[in-house]
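query.csv, holding CSV, C-alpha atoms and all ligand atoms:
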```csv
chain,number,residue,atom,x,y,z
A,1,MET,CA,-5.4,17.5,22.2
A,2,ASN,CA,-7.1,16.5,19.0
A,3,ASN,CA,-9.1,13.4,18.5
A,4,ILE,CA,-7.8,12.3,15.1
A,5,PHE,CA,-6.8,8.7,14.8
A,6,ALA,CA,-4.9,6.4,12.3
A,7,VAL,CA,-5.6,2.9,11.2
A,8,ALA,CA,-2.5,1.3,9.8
A,9,ILE,CA,-2.9,-1.7,7.6
A,10,ASP,CA,0.1,-3.6,6.4
A,11,GLY,CA,0.6,-6.9,4.7
A,12,PRO,CA,1.9,-8.7,1.7
A,13,ALA,CA,0.8,-8.1,-1.9
A,14,GLY,CA,-2.6,-9.5,-2.8
A,15,ALA,CA,-3.9,-9.8,0.8
A,16,GLY,CA,-6.8,-7.5,-0.2
A,17,LYS,CA,-5.5,-4.5,1.8
A,18,SER,CA,-6.7,-1.8,-0.6
A,19,THR,CA,-10.2,-3.2,-1.1
A,20,ILE,CA,-10.7,-3.6,2.7
A,21,ALA,CA,-9.0,-0.3,3.6
A,22,ARG,CA,-11.1,1.7,1.1
A,23,GLU,CA,-14.3,0.3,2.4
A,24,LEU,CA,-13.3,0.7,6.0
A,25,SER,CA,-12.4,4.4,5.4
A,26,LYS,CA,-15.8,5.0,3.9
A,27,LYS,CA,-17.6,3.4,6.8
A,28,LEU,CA,-15.5,5.5,9.3
A,29,GLY,CA,-15.9,8.7,7.2
A,30,VAL,CA,-12.1,9.3,7.1
A,31,ILE,CA,-9.6,9.4,4.2
A,32,TYR,CA,-8.0,6.4,2.7
A,33,VAL,CA,-4.3,6.8,1.9
A,34,ASP,CA,-2.9,4.3,-0.5
A,35,THR,CA,0.9,4.6,0.0
A,36,GLY,CA,1.7,2.1,-2.8
A,37,ALA,CA,0.2,4.5,-5.3
A,38,MET,CA,2.8,7.1,-4.1
A,39,TYR,CA,5.7,4.7,-4.7
A,40,ARG,CA,4.2,3.9,-8.1
A,41,ALA,CA,3.9,7.6,-9.0
A,42,MET,CA,7.6,8.0,-8.1
A,43,ALA,CA,8.5,5.0,-10.3
A,44,LEU,CA,6.6,6.6,-13.2
A,45,TYR,CA,8.6,9.8,-12.8
A,46,LEU,CA,11.9,7.8,-12.8
A,47,ILE,CA,10.9,5.9,-15.9
A,48,ARG,CA,9.9,9.1,-17.7
A,49,GLU,CA,13.3,10.6,-16.7
A,50,GLY,CA,15.1,7.7,-18.2
A,51,ILE,CA,16.5,6.3,-14.9
A,52,SER,CA,17.2,2.6,-15.0
A,53,SER,CA,16.0,0.4,-12.2
A,54,GLY,CA,19.6,-0.6,-11.1
A,55,ASP,CA,20.8,3.0,-11.0
A,56,SER,CA,20.5,3.7,-7.2
A,57,GLU,CA,22.5,6.9,-7.4
A,58,GLY,CA,20.3,8.2,-10.2
A,59,ILE,CA,17.2,7.3,-8.3
A,60,SER,CA,18.4,9.1,-5.2
A,61,LYS,CA,19.3,12.2,-7.2
A,62,LYS,CA,16.2,12.3,-9.4
A,63,CYS,CA,13.6,11.7,-6.7
A,64,GLU,CA,14.5,15.1,-5.3
A,65,THR,CA,12.7,16.8,-8.2
A,66,ALA,CA,9.5,14.7,-8.1
A,67,ASP,CA,6.8,16.6,-6.4
A,68,ILE,CA,4.2,14.1,-5.3
A,69,SER,CA,1.0,15.0,-3.5
A,70,ILE,CA,-2.5,13.6,-3.3
A,71,ARG,CA,-5.9,15.0,-3.5
A,72,PHE,CA,-9.4,13.5,-3.2
A,73,GLU,CA,-12.1,13.4,-5.8
A,74,ASN,CA,-15.4,11.9,-4.8
A,75,GLY,CA,-13.6,10.3,-1.8
A,76,GLU,CA,-11.0,8.6,-4.1
A,77,GLN,CA,-7.3,9.3,-3.7
A,78,GLN,CA,-5.7,10.9,-6.8
A,79,VAL,CA,-1.9,11.0,-7.0
A,80,VAL,CA,-0.5,14.2,-8.5
A,81,LEU,CA,3.0,14.1,-10.0
A,82,ASN,CA,4.5,17.6,-10.7
A,83,GLY,CA,1.0,19.0,-11.2
A,84,GLU,CA,-0.4,16.1,-13.3
A,85,ASN,CA,-3.0,13.6,-12.1
A,86,VAL,CA,-1.3,10.3,-12.8
A,87,ASN,CA,-3.8,8.0,-11.2
A,88,GLY,CA,-4.7,6.3,-14.5
A,89,LEU,CA,-1.0,5.6,-15.4
A,90,ILE,CA,0.4,3.9,-12.4
A,91,ARG,CA,-1.2,0.4,-12.5
A,92,THR,CA,0.9,-1.0,-15.3
A,93,GLU,CA,3.4,-3.9,-15.0
A,94,GLU,CA,6.2,-1.6,-16.1
A,95,VAL,CA,5.5,0.9,-13.3
A,96,GLY,CA,5.0,-1.9,-10.7
A,97,LEU,CA,8.3,-3.4,-11.6
A,98,MET,CA,10.1,-0.1,-11.4
A,99,ALA,CA,8.4,0.6,-8.0
A,100,SER,CA,9.8,-2.7,-6.7
A,101,PHE,CA,13.3,-1.5,-7.4
A,102,SER,CA,12.9,2.2,-6.5
A,103,SER,CA,10.8,1.8,-3.3
A,104,PRO,CA,13.6,0.4,-1.2
A,105,ASN,CA,15.7,3.4,-2.0
A,106,PRO,CA,16.3,5.4,1.3
A,107,ASP,CA,15.9,8.8,-0.4
A,108,VAL,CA,12.6,7.8,-2.0
A,109,ARG,CA,11.3,6.5,1.3
A,110,LYS,CA,12.4,9.5,3.3
A,111,LYS,CA,10.5,11.8,0.9
A,112,LEU,CA,7.3,9.7,0.8
A,113,VAL,CA,7.2,8.8,4.5
A,114,GLU,CA,7.4,12.5,5.3
A,115,LEU,CA,4.3,13.1,3.1
A,116,GLN,CA,2.5,10.2,4.7
A,117,ARG,CA,3.2,11.4,8.2
A,118,LYS,CA,2.0,14.9,7.3
A,119,LEU,CA,-1.3,13.6,6.0
A,120,ALA,CA,-1.9,11.5,9.1
A,121,SER,CA,-1.0,14.5,11.4
A,122,GLU,CA,-3.8,16.6,9.8
A,123,LYS,CA,-6.7,14.2,9.4
A,124,SER,CA,-7.9,10.8,10.6
A,125,VAL,CA,-6.7,8.2,8.1
A,126,VAL,CA,-6.9,4.6,7.1
A,127,MET,CA,-3.4,4.1,5.5
A,128,ASP,CA,-2.2,0.9,3.9
A,129,GLY,CA,1.3,-0.2,2.8
A,130,ARG,CA,4.1,-2.3,4.0
A,131,ASP,CA,5.7,-0.3,6.8
A,132,ILE,CA,2.9,1.9,8.1
A,133,GLY,CA,2.6,0.3,11.6
A,134,THR,CA,6.3,-0.3,12.0
A,135,VAL,CA,7.9,2.9,10.5
A,136,VAL,CA,5.5,5.5,9.2
A,137,LEU,CA,3.0,5.7,12.1
A,138,PRO,CA,4.4,3.7,15.0
A,139,ASP,CA,1.9,5.4,17.3
A,140,ALA,CA,-1.2,4.5,15.2
A,141,LYS,CA,-4.1,3.8,17.4
A,142,VAL,CA,-5.0,0.7,15.4
A,143,LYS,CA,-2.6,-1.6,13.6
A,144,ILE,CA,-3.7,-4.5,11.5
A,145,TYR,CA,-1.5,-7.0,9.6
A,146,LEU,CA,-3.7,-8.4,6.9
A,147,THR,CA,-2.5,-11.6,5.2
A,148,ALA,CA,-3.6,-14.7,3.4
A,149,SER,CA,-1.9,-17.9,2.3
A,150,SER,CA,0.1,-17.7,-0.9
A,151,LYS,CA,-2.3,-20.2,-2.4
A,152,VAL,CA,-5.4,-18.1,-1.6
A,153,ARG,CA,-3.7,-14.9,-2.9
A,154,ALA,CA,-2.8,-16.7,-6.1
A,155,LYS,CA,-6.3,-17.9,-6.6
A,156,ARG,CA,-7.7,-14.4,-6.1
A,157,ARG,CA,-5.3,-13.0,-8.6
A,158,PHE,CA,-6.0,-15.8,-11.0
A,159,ASP,CA,-9.8,-15.1,-10.8
A,160,GLU,CA,-9.2,-11.4,-11.3
A,161,LEU,CA,-7.1,-11.9,-14.4
A,162,SER,CA,-9.4,-14.6,-15.8
A,163,ALA,CA,-12.3,-12.3,-15.4
A,164,LYS,CA,-10.5,-9.8,-17.6
A,165,GLY,CA,-10.0,-12.6,-20.2
A,166,GLU,CA,-6.3,-12.8,-19.6
A,167,LYS,CA,-4.7,-16.2,-19.9
A,168,CYS,CA,-2.6,-17.2,-16.8
A,169,ASP,CA,-1.1,-20.0,-14.9
A,170,MET,CA,-2.0,-20.5,-11.2
A,171,ASP,CA,1.3,-22.1,-10.2
A,172,GLN,CA,3.3,-19.3,-11.9
A,173,ILE,CA,1.2,-16.7,-10.1
A,174,GLU,CA,1.8,-18.4,-6.8
A,175,ALA,CA,5.5,-18.7,-7.5
A,176,ASP,CA,5.7,-14.9,-8.2
A,177,ILE,CA,3.8,-14.1,-5.0
A,178,VAL,CA,6.2,-16.2,-2.9
A,179,LYS,CA,9.2,-14.5,-4.6
A,180,ARG,CA,7.7,-11.0,-4.0
A,181,ASP,CA,7.0,-11.8,-0.3
A,182,GLU,CA,10.6,-12.9,0.1
A,183,GLN,CA,11.9,-9.7,-1.5
A,184,ASP,CA,9.5,-7.5,0.6
A,185,MET,CA,10.3,-9.3,3.9
A,186,ASN,CA,14.1,-9.4,3.4
A,187,ARG,CA,14.9,-5.9,2.1
A,188,ALA,CA,17.3,-3.9,4.3
A,189,ILE,CA,15.1,-0.8,4.7
A,190,SER,CA,11.6,-1.0,6.1
A,191,PRO,CA,11.0,-4.7,5.4
A,192,LEU,CA,7.5,-6.0,5.5
A,193,LYS,CA,6.8,-7.4,9.0
A,194,GLN,CA,4.1,-7.4,11.5
A,195,ALA,CA,4.5,-4.7,14.1
A,196,ASP,CA,4.7,-6.1,17.7
A,197,ASP,CA,1.4,-4.4,18.6
A,198,ALA,CA,-0.4,-5.2,15.3
A,199,ILE,CA,-3.4,-7.5,15.2
A,200,LEU,CA,-3.0,-10.4,12.7
A,201,VAL,CA,-5.9,-11.0,10.5
A,202,ASP,CA,-5.6,-14.0,8.2
A,203,THR,CA,-8.2,-13.7,5.5
A,204,SER,CA,-7.5,-17.1,3.8
A,205,ASP,CA,-10.9,-18.5,4.9
A,206,MET,CA,-12.8,-15.3,5.2
A,207,THR,CA,-15.2,-13.5,2.9
A,208,ILE,CA,-14.8,-9.8,2.3
A,209,ASP,CA,-17.8,-9.1,4.5
A,210,GLU,CA,-16.3,-11.1,7.3
A,211,VAL,CA,-13.0,-9.3,7.0
A,212,GLN,CA,-14.8,-5.9,7.0
A,213,LYS,CA,-16.8,-6.8,10.1
A,214,LYS,CA,-13.7,-8.1,11.9
A,215,LEU,CA,-11.8,-4.9,11.2
A,216,MET,CA,-14.7,-2.7,12.1
A,217,ASP,CA,-14.9,-4.5,15.5
A,218,ILE,CA,-11.2,-4.0,16.1
A,219,VAL,CA,-11.4,-0.3,15.2
A,220,SER,CA,-14.4,0.3,17.4
A,221,GLU,CA,-12.8,-1.4,20.3
A,222,LYS,CA,-9.5,0.6,20.0
A,223,THR,CA,-11.0,4.0,19.2
A,224,GLY,CA,-14.5,4.0,20.4
A,225,VAL,CA,-15.6,5.0,16.9
A,226,ASN,CA,-18.5,3.1,15.4
A,227,ALA,CA,-19.6,3.0,11.8
B,1,LIG,O1,1.0,-2.1,-3.0
B,1,LIG,P1,1.5,-1.7,-4.4
B,1,LIG,O2,1.8,-2.9,-5.3
B,1,LIG,O3,0.7,-0.6,-5.0
B,1,LIG,O4,3.0,-1.1,-4.0
B,1,LIG,C1,3.8,-0.7,-5.1
B,1,LIG,C2,5.3,-0.8,-4.6
B,1,LIG,O5,5.6,0.0,-3.5
B,1,LIG,C3,5.6,-2.3,-4.2
B,1,LIG,O6,6.9,-2.6,-4.7
B,1,LIG,C4,5.7,-2.2,-2.7
B,1,LIG,C5,6.1,-0.8,-2.4
B,1,LIG,N1,5.6,-0.2,-1.2
B,1,LIG,C6,6.5,0.1,-0.2
B,1,LIG,O7,7.7,-0.2,-0.3
B,1,LIG,N2,6.0,0.6,1.0
B,1,LIG,C7,4.7,1.0,1.1
B,1,LIG,N3,4.3,1.6,2.3
B,1,LIG,C8,3.8,0.7,0.1
B,1,LIG,C9,4.3,0.1,-1.1
```
Translate this structure into structure tokens?
Ligand code: DC
Amino acid sequence: MNNIFAVAIDGPAGAGKSTIARELSKKLGVIYVDTGAMYRAMALYLIREGISSGDSEGISKKCETADISIRFENGEQQVVLNGENVNGLIRTEEVGLMASFSSPNPDVRKKLVELQRKLASEKSVVMDGRDIGTVVLPDAKVKIYLTASSKVRAKRRFDELSAKGEKCDMDQIEADIVKRDEQDMNRAISPLKQADDAILVDTSDMTIDEVQKKLMDIVSEKTGVNA
């Protein structure tokens, strides 16, 4: 019997999952696995191979030859695609858009879910995504569903873009968020939903510190591990 454990964090885009999950993993001294980055690396591969977003057969076939793995540098996850560190290339709009088409593909999911399960079987993890508590790690010791209202998520995104000097429209951002939620929650395979045994944390009226504390309390209670 080993004493490794998994913390599964799911929720819609913009709920602050990665910021919170990264900090939590540091406090717990375990690895943080960002599964969205894996779907993005796969999307980058498909773009490079000239596969179009609507070509589901092409996506199924091509994903077989993508070798995706992760390694850690200074505690930060690096995604490696066929031997190349692609961390700096996957946060673009183009890759994000392709990922939204290729991530529902069953062959893509099968491959990446296998990798995610293998990681969690070897080490304690904080893993975030859309289907971690429901599909990837149904036996995770801690499951959290992190969300916030579409208004609050739009405001956070607006502030983030404005800080970078980008011009943007709050209503448009919120409309995009609502659309993306609907796509994520209604797709046929691994839709975004709260696992029955997940704890709902609505961060709409919480500061990052408050969310951190709340999650740490939940983890301590469920695992006996204290930061
Ligand atoms: O969280 P993100 O924006 O980096 O995710 C990139 C894409 O991958 C997004 O379209 C959602 C999808 N995704 C998924 O289907 N399942 C996961 N476990 C994580 C991300």
### Task
Tell me which protein, DNA and RNA residues are within 10 Å of Gly96 (chain A), counting all atoms listed in the file, leaving out same-chain ones fewer than 2 positions away, and put them as a ChimeraX atom specification.
/A:36-37,39-41,43-44,90-94,98-102
Which residues of region 97-161 of chain A come within 7 Å of region 8-24 of chain A, and for each one, what is the closest pair of atoms and their distance in Å to one decimal, counting all atoms listed in the file, sorted by chain and residue number, as a Markdown table?
```
| residue | atom | partner | partner_atom | distance |
| --- | --- | --- | --- | --- |
| A:Val126 | CA | A:Ala8 | CA | 6.1 |
| A:Met127 | CA | A:Ala8 | CA | 5.2 |
| A:Asp128 | CA | A:Ile9 | CA | 4.6 |
| A:Gly129 | CA | A:Asp10 | CA | 5.1 |
| A:Arg130 | CA | A:Asp10 | CA | 4.8 |
| A:Asp131 | CA | A:Asp10 | CA | 6.5 |
| A:Ile132 | CA | A:Ala8 | CA | 5.7 |
| A:Gly133 | CA | A:Ala8 | CA | 5.5 |
| A:Ala140 | CA | A:Ala8 | CA | 6.4 |
| A:Val142 | CA | A:Ala8 | CA | 6.2 |
| A:Lys143 | CA | A:Ala8 | CA | 4.8 |
| A:Ile144 | CA | A:Ile9 | CA | 4.9 |
| A:Tyr145 | CA | A:Asp10 | CA | 4.9 |
| A:Leu146 | CA | A:Gly11 | CA | 5.1 |
| A:Thr147 | CA | A:Ala15 | CA | 5.0 |
| A:Ala148 | CA | A:Ala15 | CA | 5.6 |
| A:Arg153 | CA | A:Gly14 | CA | 5.5 |
```
### Task
Write out as number ranges by chain the residues lying within 9 Å of region 111-116 of chain A, counting all atoms listed in the file and excluding same-chain residues fewer than 3 positions away.
A: 33, 35, 38-39, 63-64, 68-69, 106-108, 119-121, 127, 132, 135-137
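Minimum atom-to-atom distances from A:Met216, A:Ala66, A:Met42, A:Cys168 to ligand LIG 1 (chain B) were compared using only C-alpha atoms and all ligand atoms, and the lowest value belongs to A:Met42.
Between CA of Asp197 (chain A) and CA of Thr134 (chain A) the interatomic distance comes to 9.2 Å.
Counting from CA of Lys110 (chain A), the distance to CA of Glu76 (chain A) is 24.6 Å.
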